[in-house]
Amino acid sequence: MIRFILVDLRRLWAGSLVVVLLVALATALGVCVVLQERALRLGSARAADKFDLVIGAGGSETQLVLSSVFLQPSPLPLMPGEVLARLAADPRVDWAAPIGFGDSFSGYPIVGTTVTLAEKLSGGFAEGKVFAHEGEAVIGSAVKLPLGGEIKPMHGSAEEGGETHTELVYHVAGRLRPTGTAWDRAILVPIQAVWHIHGMEAHEHAEEGAGHDHEAASATAAAEPGHEHEEAGDHHNGHEHHGEADPDAALNENWTADTPGLPAILVKPKTIADAYKLRQDYRSGNTVAVFPGEVLTNLYATLGNAKQILVAVAAGAQTLVAASLVLVTVIHIGQRRRQIGALRAFGAPRGAIFGIVWLEFFFLVAVGIGLGFGFGYAAALTLSGLFSETSGIAMPVGFAREDAGLAAALLAFAAILAALPAVLAYRQSPAQALRA
């Protein structure tokens, strides 16, 4: 029986190949959706695990996490610098690192921060050392720059018509180890250098922190009302305030109430209990404190319907393929009536005819399902690689235990599907088949 099936498949190789490819492509679509969605969840969750608590000015919690953890450019309001001073002196805080956005270089975001965050982010340096002066920078593992390379910060991005700062040129002092996060594509510089080249003086922000709300604080460097501060990442159409920076100036990371305004602060609490207490304390008034993982969970719940739609589309494609395969197979059985009649005339029992047709069809569909899992995995790997290259977030693509259940369900469906043409062949009488 097996030899007969192989000979038959070899004789009808073109049609068999079409059946296998149709099944493979339909299966690959569903597998790719499942694997890619899982990779996105795992990759973003691992990236968020690097940061325990994020504190920012009042506003969207989701946008705060996307900007501070995933470095997605977006204007954020500024909070008074005195918040950083309080956190630095809080006994519940292991360390608190301010971050400032708005500039870029060759498509890489420039993030102003502290020595502490630069040292803690990846657990060490692949080469070089941490910045020690205003004119030095630390780059992520995916930034394609050599040690000692020059970085000329641009306000905004080239696509948005950004303006290159002439006040300071950074030089690469060290490269971080890979983190699998968006920070692998970031350029870290001293935040005091960011303040200086944007003309943000401490005493100005001290006065603003005492008497202005977030909207006023975020517009301290705007020349016209309604313009958001460049730290928030918005373009000012040439009205930015530029300051002066000394590339050889030593770093001063002793925060006071006169510290300039900040879009976000990354906080490492000493204990889990401290983390919840800090979040509660800074969720009132003019600040908001969030756990990045918690925000992502809510975001996943919001995007859950999108996954269901994609899965439904994939299931619909598979159903259409299954229906077309049944139609093709029924026509094929009709064309093989003489062959089936001859087999019956030579003494082949009905069960053997059923088994031949069923095994032949099931074999083709099973091979298509196997190839579909391979194609879907390859497609998910490709998409994840492209996303990782642009975002810096590592996207782990892999099969899980529940995927075995999906494969089993598809094979069970294939077994049922193969029974239809087999039943048609089983019911044919040899006399009618030979007269056809």
# chains A, B, ... in the order shown; residues from 1 in each chain; ligands from 1
$ residues_around --residues "Lys277 in chain A" --least-positions-apart "5" --cutoff "9 Å" --atoms "only C-alpha atoms" --output "list in words"
Arg92, Ile272 and Tyr282 of chain A
$ write_last_selection --atoms "N, CA, C and O atoms" --output "CSV table (one decimal), in the first residue's frame"
chain,number,residue,atom,x,y,z
A,92,ARG,N,14.6,54.8,51.5
A,92,ARG,CA,14.0,53.7,50.8
A,92,ARG,C,14.5,53.5,49.4
A,92,ARG,O,14.2,52.4,48.8
A,272,ILE,N,10.9,45.4,47.9
A,272,ILE,CA,9.6,45.4,47.2
A,272,ILE,C,8.6,46.3,48.0
A,272,ILE,O,7.8,47.0,47.4
A,282,TYR,N,4.3,58.9,45.5
A,282,TYR,CA,4.5,59.8,44.3
A,282,TYR,C,3.4,59.7,43.3
A,282,TYR,O,3.6,60.1,42.1
$ residues_around --residues "Val69 in chain A" --least-positions-apart "3" --cutoff "12 Å" --atoms "only C-alpha atoms" --output "tab-separated table (two decimals) with all heavy atoms, in the first residue's frame"
chain	number	residue	atom	x	y	z
A	44	SER	N	9.28	42.77	25.37
A	44	SER	CA	8.96	44.00	26.07
A	44	SER	C	8.94	43.80	27.58
A	44	SER	O	9.35	44.68	28.34
A	44	SER	CB	7.60	44.53	25.59
A	44	SER	OG	6.59	43.56	25.76
A	45	ALA	N	8.49	42.62	28.03
A	45	ALA	CA	8.47	42.35	29.48
A	45	ALA	C	9.89	42.28	30.04
A	45	ALA	O	10.17	42.83	31.11
A	45	ALA	CB	7.73	41.06	29.76
A	46	ARG	N	10.80	41.63	29.31
A	46	ARG	CA	12.19	41.57	29.77
A	46	ARG	C	12.85	42.93	29.77
A	46	ARG	O	13.68	43.24	30.64
A	46	ARG	CB	12.96	40.60	28.89
A	46	ARG	CG	12.54	39.14	29.07
A	46	ARG	CD	13.26	38.21	28.12
A	46	ARG	NE	12.79	36.84	28.24
A	46	ARG	CZ	13.22	35.82	27.50
A	46	ARG	NH1	14.16	36.03	26.57
A	46	ARG	NH2	12.72	34.62	27.66
A	47	ALA	N	12.50	43.76	28.79
A	47	ALA	CA	13.05	45.11	28.75
A	47	ALA	C	12.55	45.93	29.94
A	47	ALA	O	13.31	46.70	30.54
A	47	ALA	CB	12.67	45.79	27.44
A	48	ALA	N	11.29	45.76	30.30
A	48	ALA	CA	10.72	46.51	31.42
A	48	ALA	C	11.27	46.03	32.75
A	48	ALA	O	11.30	46.79	33.73
A	48	ALA	CB	9.20	46.40	31.41
A	49	ASP	N	11.73	44.77	32.83
A	49	ASP	CA	12.25	44.23	34.08
A	49	ASP	C	13.51	44.96	34.54
A	49	ASP	O	13.90	44.86	35.72
A	49	ASP	CB	12.57	42.74	33.93
A	49	ASP	CG	11.30	41.90	33.97
A	49	ASP	OD1	10.26	42.41	34.42
A	49	ASP	OD2	11.35	40.73	33.54
A	50	LYS	N	14.17	45.66	33.64
A	50	LYS	CA	15.39	46.39	34.00
A	50	LYS	C	15.09	47.55	34.95
A	50	LYS	O	15.99	48.03	35.64
A	50	LYS	CB	16.06	46.93	32.74
A	50	LYS	CG	16.70	45.86	31.85
A	50	LYS	CD	18.02	45.41	32.42
A	50	LYS	CE	18.70	44.40	31.52
A	50	LYS	NZ	19.98	43.91	32.07
A	51	PHE	N	13.85	48.00	34.96
A	51	PHE	CA	13.51	49.20	35.72
A	51	PHE	C	12.35	48.89	36.66
A	51	PHE	O	11.29	48.42	36.22
A	51	PHE	CB	13.14	50.34	34.77
A	51	PHE	CG	14.19	50.57	33.71
A	51	PHE	CD1	14.02	50.10	32.43
A	51	PHE	CD2	15.36	51.24	34.01
A	51	PHE	CE1	14.98	50.30	31.45
A	51	PHE	CE2	16.33	51.44	33.05
A	51	PHE	CZ	16.14	50.97	31.76
A	52	ASP	N	12.56	49.15	37.93
A	52	ASP	CA	11.55	48.82	38.93
A	52	ASP	C	10.44	49.85	39.01
A	52	ASP	O	9.27	49.51	39.12
A	52	ASP	CB	12.21	48.67	40.31
A	52	ASP	CG	13.17	47.50	40.37
A	52	ASP	OD1	13.03	46.60	39.52
A	52	ASP	OD2	14.07	47.49	41.22
A	53	LEU	N	10.82	51.12	39.00
A	53	LEU	CA	9.84	52.18	39.22
A	53	LEU	C	10.23	53.40	38.38
A	53	LEU	O	11.40	53.75	38.30
A	53	LEU	CB	9.81	52.56	40.71
A	53	LEU	CG	8.77	53.60	41.16
A	53	LEU	CD1	7.36	53.05	41.01
A	53	LEU	CD2	9.03	54.00	42.62
A	54	VAL	N	9.23	53.99	37.75
A	54	VAL	CA	9.45	55.20	36.94
A	54	VAL	C	8.56	56.30	37.50
A	54	VAL	O	7.36	56.10	37.72
A	54	VAL	CB	9.13	54.96	35.46
A	54	VAL	CG1	9.38	56.24	34.66
A	54	VAL	CG2	9.96	53.82	34.91
A	55	ILE	N	9.15	57.45	37.72
A	55	ILE	CA	8.41	58.60	38.25
A	55	ILE	C	8.49	59.74	37.25
A	55	ILE	O	9.57	60.04	36.71
A	55	ILE	CB	8.97	59.05	39.61
A	55	ILE	CG1	8.78	57.92	40.64
A	55	ILE	CG2	8.29	60.33	40.09
A	55	ILE	CD1	9.37	58.24	42.00
A	61	GLU	N	0.41	57.41	31.89
A	61	GLU	CA	1.34	56.43	32.42
A	61	GLU	C	1.96	55.61	31.29
A	61	GLU	O	3.15	55.29	31.32
A	61	GLU	CB	0.62	55.51	33.41
A	61	GLU	CG	0.12	56.21	34.65
A	61	GLU	CD	-0.52	55.24	35.62
A	61	GLU	OE1	-0.59	54.03	35.30
A	61	GLU	OE2	-0.93	55.68	36.72
A	62	THR	N	1.15	55.26	30.29
A	62	THR	CA	1.66	54.48	29.16
A	62	THR	C	2.74	55.24	28.41
A	62	THR	O	3.79	54.68	28.07
A	62	THR	CB	0.51	54.11	28.21
A	62	THR	OG1	-0.47	53.36	28.92
A	62	THR	CG2	1.03	53.30	27.04
A	63	GLN	N	2.50	56.52	28.16
A	63	GLN	CA	3.49	57.31	27.43
A	63	GLN	C	4.76	57.49	28.25
A	63	GLN	O	5.87	57.51	27.70
A	63	GLN	CB	2.92	58.68	27.08
A	63	GLN	CG	3.78	59.46	26.11
A	63	GLN	CD	4.04	58.70	24.84
A	63	GLN	OE1	3.12	58.39	24.08
A	63	GLN	NE2	5.29	58.35	24.58
A	64	LEU	N	4.63	57.60	29.56
A	64	LEU	CA	5.80	57.72	30.42
A	64	LEU	C	6.68	56.49	30.31
A	64	LEU	O	7.91	56.59	30.19
A	64	LEU	CB	5.36	57.94	31.87
A	64	LEU	CG	6.47	57.98	32.93
A	64	LEU	CD1	7.40	59.17	32.67
A	64	LEU	CD2	5.88	58.07	34.34
A	65	VAL	N	6.07	55.31	30.31
A	65	VAL	CA	6.83	54.06	30.19
A	65	VAL	C	7.43	53.92	28.80
A	65	VAL	O	8.59	53.54	28.64
A	65	VAL	CB	5.94	52.85	30.53
A	65	VAL	CG1	6.65	51.55	30.20
A	65	VAL	CG2	5.55	52.88	32.00
A	66	LEU	N	6.65	54.22	27.76
A	66	LEU	CA	7.16	54.10	26.40
A	66	LEU	C	8.35	55.02	26.17
A	66	LEU	O	9.30	54.67	25.46
A	66	LEU	CB	6.05	54.41	25.39
A	66	LEU	CG	4.90	53.40	25.30
A	66	LEU	CD1	3.85	53.87	24.31
A	66	LEU	CD2	5.42	52.02	24.91
A	72	GLN	N	10.88	55.78	23.23
A	72	GLN	CA	10.09	56.26	22.11
A	72	GLN	C	9.94	57.77	22.23
A	72	GLN	O	9.48	58.27	23.25
A	72	GLN	CB	8.72	55.59	22.12
A	72	GLN	CG	8.77	54.09	21.93
A	72	GLN	CD	9.38	53.70	20.60
A	72	GLN	OE1	8.98	54.20	19.55
A	72	GLN	NE2	10.36	52.82	20.63
A	73	PRO	N	10.35	58.52	21.21
A	73	PRO	CA	10.31	59.99	21.32
A	73	PRO	C	8.89	60.51	21.47
A	73	PRO	O	8.00	60.15	20.70
A	73	PRO	CB	10.94	60.45	19.99
A	73	PRO	CG	10.73	59.31	19.05
A	73	PRO	CD	10.81	58.07	19.88
A	99	ILE	N	16.59	61.11	33.78
A	99	ILE	CA	16.85	60.94	32.35
A	99	ILE	C	16.22	62.11	31.59
A	99	ILE	O	15.16	62.61	31.96
A	99	ILE	CB	16.30	59.60	31.81
A	99	ILE	CG1	14.82	59.42	32.17
A	99	ILE	CG2	17.11	58.43	32.32
A	99	ILE	CD1	14.21	58.16	31.59
A	101	PHE	N	15.48	63.58	27.50
A	101	PHE	CA	15.42	63.19	26.09
A	101	PHE	C	15.47	64.43	25.20
A	101	PHE	O	15.56	65.55	25.68
A	101	PHE	CB	14.11	62.45	25.78
A	101	PHE	CG	13.64	61.53	26.86
A	101	PHE	CD1	12.57	61.87	27.66
A	101	PHE	CD2	14.27	60.33	27.09
A	101	PHE	CE1	12.12	61.04	28.65
A	101	PHE	CE2	13.83	59.47	28.07
A	101	PHE	CZ	12.75	59.83	28.86
A	111	VAL	N	20.43	60.16	25.51
A	111	VAL	CA	19.73	60.20	26.79
A	111	VAL	C	20.67	60.78	27.84
A	111	VAL	O	21.75	60.23	28.09
A	111	VAL	CB	19.26	58.80	27.22
A	111	VAL	CG1	18.49	58.88	28.53
A	111	VAL	CG2	18.41	58.17	26.14
A	121	LEU	N	23.09	49.77	34.32
A	121	LEU	CA	22.18	49.37	33.25
A	121	LEU	C	22.47	47.99	32.70
A	121	LEU	O	21.57	47.16	32.57
A	121	LEU	CB	22.23	50.41	32.12
A	121	LEU	CG	21.23	50.22	30.99
A	121	LEU	CD1	19.80	50.30	31.51
A	121	LEU	CD2	21.45	51.27	29.90
A	181	THR	N	17.48	45.48	25.40
A	181	THR	CA	16.46	46.51	25.53
A	181	THR	C	16.73	47.61	24.52
A	181	THR	O	17.73	47.61	23.80
A	181	THR	CB	16.46	47.10	26.95
A	181	THR	OG1	17.65	47.91	27.12
A	181	THR	CG2	16.44	46.02	28.01
A	182	ALA	N	15.82	48.59	24.48
A	182	ALA	CA	15.99	49.73	23.59
A	182	ALA	C	17.24	50.53	23.94
A	182	ALA	O	17.75	51.29	23.10
A	182	ALA	CB	14.75	50.62	23.66
A	183	TRP	N	17.74	50.36	25.15
A	183	TRP	CA	18.93	51.11	25.57
A	183	TRP	C	20.19	50.62	24.88
A	183	TRP	O	21.23	51.28	24.96
A	183	TRP	CB	19.07	51.03	27.09
A	183	TRP	CG	18.00	51.80	27.82
A	183	TRP	CD1	16.70	51.43	27.95
A	183	TRP	CD2	18.13	53.06	28.48
A	183	TRP	NE1	16.02	52.38	28.66
A	183	TRP	CE2	16.86	53.39	29.01
A	183	TRP	CE3	19.19	53.93	28.69
A	183	TRP	CZ2	16.63	54.55	29.71
A	183	TRP	CZ3	18.97	55.10	29.41
A	183	TRP	CH2	17.70	55.40	29.90
A	184	ASP	N	20.14	49.49	24.20
A	184	ASP	CA	21.30	49.04	23.42
A	184	ASP	C	21.57	49.96	22.24
A	184	ASP	O	22.67	49.98	21.71
A	184	ASP	CB	21.07	47.61	22.91
A	184	ASP	CG	21.21	46.57	24.01
A	184	ASP	OD1	21.77	46.91	25.08
A	184	ASP	OD2	20.76	45.42	23.82
A	186	ALA	N	21.03	53.29	22.51
A	186	ALA	CA	21.04	54.63	23.08
A	186	ALA	C	22.46	55.14	23.29
A	186	ALA	O	23.41	54.36	23.44
A	186	ALA	CB	20.28	54.64	24.41
A	264	ALA	N	11.56	62.50	33.53
A	264	ALA	CA	11.36	61.19	34.18
A	264	ALA	C	12.55	60.86	35.07
A	264	ALA	O	13.67	61.34	34.85
A	264	ALA	CB	11.18	60.09	33.13
A	265	ILE	N	12.29	60.02	36.06
A	265	ILE	CA	13.33	59.53	36.97
A	265	ILE	C	13.16	58.02	37.11
A	265	ILE	O	12.06	57.53	37.39
A	265	ILE	CB	13.22	60.19	38.36
A	265	ILE	CG1	13.31	61.71	38.25
A	265	ILE	CG2	14.33	59.67	39.28
A	265	ILE	CD1	13.05	62.43	39.57
A	266	LEU	N	14.25	57.29	36.90
A	266	LEU	CA	14.24	55.84	37.10
A	266	LEU	C	14.71	55.56	38.52
A	266	LEU	O	15.77	56.04	38.93
A	266	LEU	CB	15.16	55.16	36.09
A	266	LEU	CG	14.83	55.42	34.61
A	266	LEU	CD1	15.84	54.72	33.72
A	266	LEU	CD2	13.42	54.96	34.29
A	267	VAL	N	13.93	54.76	39.26
A	267	VAL	CA	14.18	54.55	40.68
A	267	VAL	C	14.39	53.07	40.96
A	267	VAL	O	13.63	52.22	40.48
A	267	VAL	CB	13.01	55.09	41.53
A	267	VAL	CG1	13.29	54.88	43.02
A	267	VAL	CG2	12.77	56.56	41.24
A	290	VAL	N	4.92	54.70	38.41
A	290	VAL	CA	4.36	53.50	37.80
A	290	VAL	C	5.37	52.37	37.82
A	290	VAL	O	6.59	52.58	37.79
A	290	VAL	CB	3.92	53.76	36.34
A	290	VAL	CG1	2.84	54.81	36.28
A	290	VAL	CG2	5.10	54.16	35.47
A	291	PHE	N	4.85	51.15	37.87
A	291	PHE	CA	5.65	49.96	37.62
A	291	PHE	C	5.56	49.67	36.12
A	291	PHE	O	4.45	49.44	35.62
A	291	PHE	CB	5.13	48.76	38.42
A	291	PHE	CG	5.24	48.92	39.91
A	291	PHE	CD1	4.25	48.41	40.75
A	291	PHE	CD2	6.33	49.56	40.47
A	291	PHE	CE1	4.35	48.55	42.13
A	291	PHE	CE2	6.43	49.70	41.85
A	291	PHE	CZ	5.45	49.20	42.68
A	292	PRO	N	6.66	49.66	35.39
A	292	PRO	CA	6.58	49.43	33.94
A	292	PRO	C	5.88	48.13	33.58
A	292	PRO	O	5.09	48.09	32.63
A	292	PRO	CB	8.05	49.41	33.52
A	292	PRO	CG	8.74	50.25	34.52
A	292	PRO	CD	8.03	50.00	35.81
A	293	GLY	N	6.13	47.05	34.34
A	293	GLY	CA	5.49	45.78	34.02
A	293	GLY	C	3.98	45.86	34.16
A	293	GLY	O	3.24	45.24	33.38
A	295	VAL	N	2.10	48.54	33.73
A	295	VAL	CA	1.59	49.32	32.60
A	295	VAL	C	1.54	48.45	31.34
A	295	VAL	O	0.58	48.51	30.56
A	295	VAL	CB	2.46	50.56	32.36
A	295	VAL	CG1	2.06	51.29	31.08
A	295	VAL	CG2	2.35	51.51	33.55
A	296	LEU	N	2.57	47.63	31.14
A	296	LEU	CA	2.59	46.75	29.97
A	296	LEU	C	1.45	45.74	30.01
A	296	LEU	O	0.85	45.41	28.99
A	296	LEU	CB	3.93	46.03	29.88
A	296	LEU	CG	5.11	46.86	29.43
A	296	LEU	CD1	6.38	46.02	29.40
A	296	LEU	CD2	4.88	47.47	28.05
A	391	SER	N	14.50	48.81	17.06
A	391	SER	CA	14.11	49.21	18.42
A	391	SER	C	15.17	48.87	19.46
A	391	SER	O	15.21	49.49	20.53
A	391	SER	CB	12.80	48.53	18.81
A	391	SER	OG	12.98	47.13	18.97
A	392	GLY	N	16.01	47.87	19.18
A	392	GLY	CA	17.00	47.44	20.16
A	392	GLY	C	16.48	46.40	21.12
A	392	GLY	O	17.25	45.84	21.90
A	393	ILE	N	15.18	46.12	21.10
A	393	ILE	CA	14.59	45.16	22.03
A	393	ILE	C	14.76	43.75	21.48
A	393	ILE	O	14.38	43.46	20.35
A	393	ILE	CB	13.10	45.45	22.24
A	393	ILE	CG1	12.91	46.87	22.80
A	393	ILE	CG2	12.47	44.44	23.18
A	393	ILE	CD1	11.46	47.29	22.92
$ closest_residue --among "A:Val288, A:Leu188, A:Ile139, A:Val18" --to "Arg175 in chain A" --atoms "only C-alpha atoms"
A:Ile139
$ residues_around --residues "Thr114 in chain A" --least-positions-apart "2" --cutoff "8 Å" --atoms "only C-alpha atoms" --output "PDB file with all heavy atoms, in the first residue's frame"
ATOM      1  N   ALA A  97      17.933  57.776  39.177  1.00  0.00           N
ATOM      2  CA  ALA A  97      18.660  58.334  38.040  1.00  0.00           C
ATOM      3  C   ALA A  97      17.725  59.168  37.176  1.00  0.00           C
ATOM      4  O   ALA A  97      16.737  58.649  36.643  1.00  0.00           O
ATOM      5  CB  ALA A  97      19.286  57.221  37.211  1.00  0.00           C
ATOM      6  N   PRO A  98      18.017  60.447  37.015  1.00  0.00           N
ATOM      7  CA  PRO A  98      17.212  61.273  36.108  1.00  0.00           C
ATOM      8  C   PRO A  98      17.542  60.945  34.656  1.00  0.00           C
ATOM      9  O   PRO A  98      18.637  60.502  34.339  1.00  0.00           O
ATOM     10  CB  PRO A  98      17.652  62.695  36.462  1.00  0.00           C
ATOM     11  CG  PRO A  98      19.071  62.529  36.911  1.00  0.00           C
ATOM     12  CD  PRO A  98      19.128  61.210  37.623  1.00  0.00           C
ATOM     13  N   ILE A  99      16.595  61.108  33.778  1.00  0.00           N
ATOM     14  CA  ILE A  99      16.849  60.936  32.351  1.00  0.00           C
ATOM     15  C   ILE A  99      16.220  62.105  31.591  1.00  0.00           C
ATOM     16  O   ILE A  99      15.161  62.610  31.962  1.00  0.00           O
ATOM     17  CB  ILE A  99      16.297  59.601  31.812  1.00  0.00           C
ATOM     18  CG1 ILE A  99      14.822  59.420  32.170  1.00  0.00           C
ATOM     19  CG2 ILE A  99      17.106  58.433  32.321  1.00  0.00           C
ATOM     20  CD1 ILE A  99      14.214  58.161  31.594  1.00  0.00           C
ATOM     21  N   GLY A 112      20.257  61.872  28.450  1.00  0.00           N
ATOM     22  CA  GLY A 112      21.027  62.424  29.550  1.00  0.00           C
ATOM     23  C   GLY A 112      20.718  61.681  30.828  1.00  0.00           C
ATOM     24  O   GLY A 112      19.546  61.487  31.178  1.00  0.00           O
ATOM     25  N   THR A 116      25.614  56.532  37.752  1.00  0.00           N
ATOM     26  CA  THR A 116      25.013  55.359  38.400  1.00  0.00           C
ATOM     27  C   THR A 116      24.232  54.511  37.414  1.00  0.00           C
ATOM     28  O   THR A 116      24.402  53.294  37.343  1.00  0.00           O
ATOM     29  CB  THR A 116      24.097  55.803  39.548  1.00  0.00           C
ATOM     30  OG1 THR A 116      24.866  56.522  40.526  1.00  0.00           O
ATOM     31  CG2 THR A 116      23.452  54.596  40.212  1.00  0.00           C
ATOM     32  N   LEU A 117      23.354  55.148  36.615  1.00  0.00           N
ATOM     33  CA  LEU A 117      22.559  54.389  35.667  1.00  0.00           C
ATOM     34  C   LEU A 117      23.445  53.771  34.585  1.00  0.00           C
ATOM     35  O   LEU A 117      23.235  52.623  34.177  1.00  0.00           O
ATOM     36  CB  LEU A 117      21.500  55.274  35.024  1.00  0.00           C
ATOM     37  CG  LEU A 117      20.582  54.567  34.017  1.00  0.00           C
ATOM     38  CD1 LEU A 117      19.814  53.447  34.695  1.00  0.00           C
ATOM     39  CD2 LEU A 117      19.628  55.547  33.357  1.00  0.00           C
ATOM     40  N   ALA A 118      24.450  54.512  34.134  1.00  0.00           N
ATOM     41  CA  ALA A 118      25.349  53.986  33.110  1.00  0.00           C
ATOM     42  C   ALA A 118      26.076  52.734  33.603  1.00  0.00           C
ATOM     43  O   ALA A 118      26.316  51.798  32.834  1.00  0.00           O
ATOM     44  CB  ALA A 118      26.351  55.061  32.694  1.00  0.00           C
ATOM     45  N   VAL A 189      24.741  60.235  27.975  1.00  0.00           N
ATOM     46  CA  VAL A 189      25.629  61.370  28.246  1.00  0.00           C
ATOM     47  C   VAL A 189      25.279  61.928  29.619  1.00  0.00           C
ATOM     48  O   VAL A 189      24.194  61.676  30.147  1.00  0.00           O
ATOM     49  CB  VAL A 189      25.477  62.460  27.163  1.00  0.00           C
ATOM     50  CG1 VAL A 189      25.812  61.896  25.779  1.00  0.00           C
ATOM     51  CG2 VAL A 189      24.071  63.045  27.166  1.00  0.00           C
ATOM     52  N   PRO A 190      26.176  62.688  30.232  1.00  0.00           N
ATOM     53  CA  PRO A 190      25.855  63.306  31.530  1.00  0.00           C
ATOM     54  C   PRO A 190      24.667  64.246  31.398  1.00  0.00           C
ATOM     55  O   PRO A 190      24.619  65.070  30.481  1.00  0.00           O
ATOM     56  CB  PRO A 190      27.136  64.070  31.880  1.00  0.00           C
ATOM     57  CG  PRO A 190      28.212  63.411  31.086  1.00  0.00           C
ATOM     58  CD  PRO A 190      27.569  62.964  29.820  1.00  0.00           C
ATOM     59  N   ILE A 191      23.741  64.129  32.302  1.00  0.00           N
ATOM     60  CA  ILE A 191      22.545  64.952  32.182  1.00  0.00           C
ATOM     61  C   ILE A 191      22.861  66.426  32.403  1.00  0.00           C
ATOM     62  O   ILE A 191      22.183  67.304  31.861  1.00  0.00           O
ATOM     63  CB  ILE A 191      21.446  64.470  33.152  1.00  0.00           C
ATOM     64  CG1 ILE A 191      20.108  65.129  32.772  1.00  0.00           C
ATOM     65  CG2 ILE A 191      21.826  64.730  34.601  1.00  0.00           C
ATOM     66  CD1 ILE A 191      18.907  64.492  33.391  1.00  0.00           C
ATOM     67  N   GLU A 253      26.865  65.341  40.649  1.00  0.00           N
ATOM     68  CA  GLU A 253      25.606  64.616  40.737  1.00  0.00           C
ATOM     69  C   GLU A 253      25.046  64.650  42.154  1.00  0.00           C
ATOM     70  O   GLU A 253      24.433  63.702  42.640  1.00  0.00           O
ATOM     71  CB  GLU A 253      25.801  63.174  40.249  1.00  0.00           C
ATOM     72  CG  GLU A 253      26.198  63.118  38.782  1.00  0.00           C
ATOM     73  CD  GLU A 253      26.310  61.711  38.233  1.00  0.00           C
ATOM     74  OE1 GLU A 253      26.250  60.753  39.041  1.00  0.00           O
ATOM     75  OE2 GLU A 253      26.467  61.559  37.007  1.00  0.00           O
TER      76      GLU A 253
END
$ atom_distance --atom1 "CA of Gly372 in chain A" --atom2 "CA of Glu402 in chain A"
16.5 Å
$ residues_around --residues "Tyr108 in chain A" --least-positions-apart "6" --cutoff "8 Å" --atoms "only C-alpha atoms" --output "list of chain:residue names"
A:Val143, A:Arg185, A:Ala186, A:Ile187
$ closest_residue --among "A:Gly30, A:Gly355, A:Gly81, A:Gly15" --to "Trp255 in chain A" --atoms "only C-alpha atoms"
A:Gly81
